[in-house]
Amino acid sequence: MIRKILRHTVLALAACMLLVVVYFIAALGLSAITVNAGSSQGREDDVEIYVSTNGVHTDIIVPYESSCMHWDYLITPADTKMGVDTPRYVAFGWGDKGFYLETPTWGDLTFRVAFKALFFLGTSAMHVTFYNNVEESENCRKILIDREQYLKLVAYIYNSFSLTNTGAARRIAFRSSLNNDAYYEAEGTYSFLNTCNTWTNSALKAANLRACLWTPFDTGILRKYAPDARP
């Protein structure tokens, strides 16, 4: 009996290790494949957006106000600690609600939160951050897109919010450690197949912009917009 239990345990661990290896190989291979490869950056008079990463999680940064969209009817800096102000940019990041609200640092991550997030058991949230300035860097790539592309991107972001019957965003009552961010209820379920970076990648796809075929990580996305990137 003990030998049988040990054998099944070893086989289960081996199967788990194999799945992890397959997952990382798939992530590496599929993130290297570019969709919308013919998409090129627009003119200087087009909409200026950014894709940024903190090393793990990606955000899409767009103008707070433009001829295409005024975000103040949906979200507002009045929901943040900094109060009423008029930012120039707003960043959107989708992810697991438990991760956002219960793990301010990786040291706070618990098995319960990680398990629920990875295996389709949690709920999602939209992390919104307001900025007065955005600087392009290795971890923040600027993309110039035309009006049609931007409207498609706006629609994707908008549809990711969980809205009330009156069309208002559902703000989450959470005291962030930052002064310029707020959280809102979101649609969709986070998992190891549908991560925060998968959401960003899908947003770029929806706007007919260069993106990975699929990726759970940030590196493949940022690589598409590196200075030496090839279409």
# chains A, B, ... in the order shown; residues from 1 in each chain; ligands from 1
call {"tool": "residues_around", "arguments": {"residues": "region 45-51 of chain A", "least_positions_apart": "5", "cutoff": "8 Å", "atoms": "only C-alpha atoms", "output": "mmCIF file with C-alpha atoms, in the first residue's frame"}}
result
data_model
loop_
_atom_site.group_PDB
_atom_site.id
_atom_site.type_symbol
_atom_site.label_atom_id
_atom_site.label_comp_id
_atom_site.auth_asym_id
_atom_site.auth_seq_id
_atom_site.Cartn_x
_atom_site.Cartn_y
_atom_site.Cartn_z
ATOM 1 C CA THR A 58 1.569 45.304 -17.874
ATOM 2 C CA ASP A 59 -0.650 48.374 -18.158
ATOM 3 C CA ILE A 60 -2.064 50.221 -21.146
ATOM 4 C CA ILE A 61 -1.697 53.994 -20.768
ATOM 5 C CA VAL A 62 -3.912 56.314 -22.801
ATOM 6 C CA PRO A 63 -4.787 60.036 -22.802
ATOM 7 C CA GLU A 136 9.169 56.439 -22.552
ATOM 8 C CA CYS A 140 7.349 51.869 -21.112
ATOM 9 C CA ARG A 141 6.941 51.825 -24.894
ATOM 10 C CA LYS A 142 5.169 54.573 -26.834
ATOM 11 C CA ILE A 143 2.839 53.591 -29.673
ATOM 12 C CA LEU A 144 1.222 56.003 -32.127
ATOM 13 C CA ILE A 145 -2.120 54.713 -33.364
ATOM 14 C CA ASP A 146 -4.839 56.127 -35.591
ATOM 15 C CA ARG A 147 -8.349 57.078 -34.515
ATOM 16 C CA TYR A 150 -7.879 53.844 -30.641
ATOM 17 C CA LEU A 222 7.233 44.776 -24.734
#
call {"tool": "residues_around", "arguments": {"residues": "Asp85 (chain A)", "least_positions_apart": "6", "cutoff": "10 Å", "atoms": "only C-alpha atoms", "output": "list in words"}}
result
Thr76, Pro77, Ala78, Phe130, Asn132 and Asn180 of chain A
call {"tool": "closest_residue", "arguments": {"among": "A:Val20, A:Val128, A:Ala27, A:Ala37", "to": "Asn179 (chain A)", "atoms": "only C-alpha atoms"}}
result
A:Val128
call {"tool": "closest_residue", "arguments": {"among": "A:Tyr225, A:Thr215, A:Gly93, A:Val154", "to": "Gly29 (chain A)", "atoms": "only C-alpha atoms"}}
result
A:Thr215
call {"tool": "residues_around", "arguments": {"residues": "Leu28 (chain A)", "least_positions_apart": "6", "cutoff": "10 Å", "atoms": "only C-alpha atoms", "output": "list in words"}}
result
Val22, Trp214, Thr215, Pro216, Phe217, Thr219 and Gly220 of chain A
call {"tool": "write_last_selection", "arguments": {"atoms": "C-alpha atoms", "output": "PDB file, in the first residue's frame"}}
result
ATOM      1  CA  VAL A  22       4.909  22.557 -21.384  1.00  0.00           C
ATOM      2  CA  TRP A 214      -0.670  34.325 -26.833  1.00  0.00           C
ATOM      3  CA  THR A 215       1.346  35.213 -23.771  1.00  0.00           C
ATOM      4  CA  PRO A 216       0.901  35.050 -20.004  1.00  0.00           C
ATOM      5  CA  PHE A 217       4.000  37.205 -19.427  1.00  0.00           C
ATOM      6  CA  THR A 219       8.298  40.288 -21.970  1.00  0.00           C
ATOM      7  CA  GLY A 220       6.789  39.158 -25.271  1.00  0.00           C
TER       8      GLY A 220
END
call {"tool": "select_by_dssp", "arguments": {"residues": "region 45-89 of chain A", "states": "strand (DSSP E or B)", "output": "list in words"}}
result
Val47, Glu48, Ile49, Tyr50, Val51, Ser52, Thr53, Thr58, Asp59, Ile60, Ile61, Val62, Pro63, Glu65, His70 and Tyr89 of chain A
call {"tool": "atom_distance", "arguments": {"atom1": "CA of Asn165 (chain A)", "atom2": "CA of Tyr184 (chain A)"}}
result
15.2 Å
call {"tool": "residues_around", "arguments": {"residues": "Tyr73 (chain A)", "least_positions_apart": "4", "cutoff": "10 Å", "atoms": "only C-alpha atoms", "output": "MDAnalysis selection string"}}
result
chainID A and resid 69 167:169
call {"tool": "write_last_selection", "arguments": {"atoms": "C-alpha atoms", "output": "PDB file, in the first residue's frame"}}
result
ATOM      1  CA  MET A  69     -12.635  59.659 -25.633  1.00  0.00           C
ATOM      2  CA  GLY A 167     -23.445  52.359 -17.038  1.00  0.00           C
ATOM      3  CA  ALA A 168     -21.301  53.470 -14.086  1.00  0.00           C
ATOM      4  CA  ALA A 169     -18.090  51.737 -13.085  1.00  0.00           C
TER       5      ALA A 169
END
call {"tool": "residues_around", "arguments": {"residues": "Ala206 (chain A)", "least_positions_apart": "6", "cutoff": "7 Å", "atoms": "only C-alpha atoms", "output": "compact mmCIF listing (two decimals) with N, CA, C and O atoms, in the first residue's frame"}}
result
# COMPACT_ATOMS: atom_id res chain seq x y z
N LYS A 152 -11.20 51.17 -31.14
CA LYS A 152 -11.29 49.74 -30.87
C LYS A 152 -10.65 49.41 -29.52
O LYS A 152 -11.17 48.58 -28.76
N LEU A 153 -9.54 50.08 -29.21
CA LEU A 153 -8.89 49.88 -27.92
C LEU A 153 -9.79 50.37 -26.78
O LEU A 153 -9.93 49.70 -25.75
N TYR A 156 -12.53 47.88 -26.08
CA TYR A 156 -12.05 46.71 -25.36
C TYR A 156 -11.89 47.01 -23.88
O TYR A 156 -12.32 46.23 -23.02
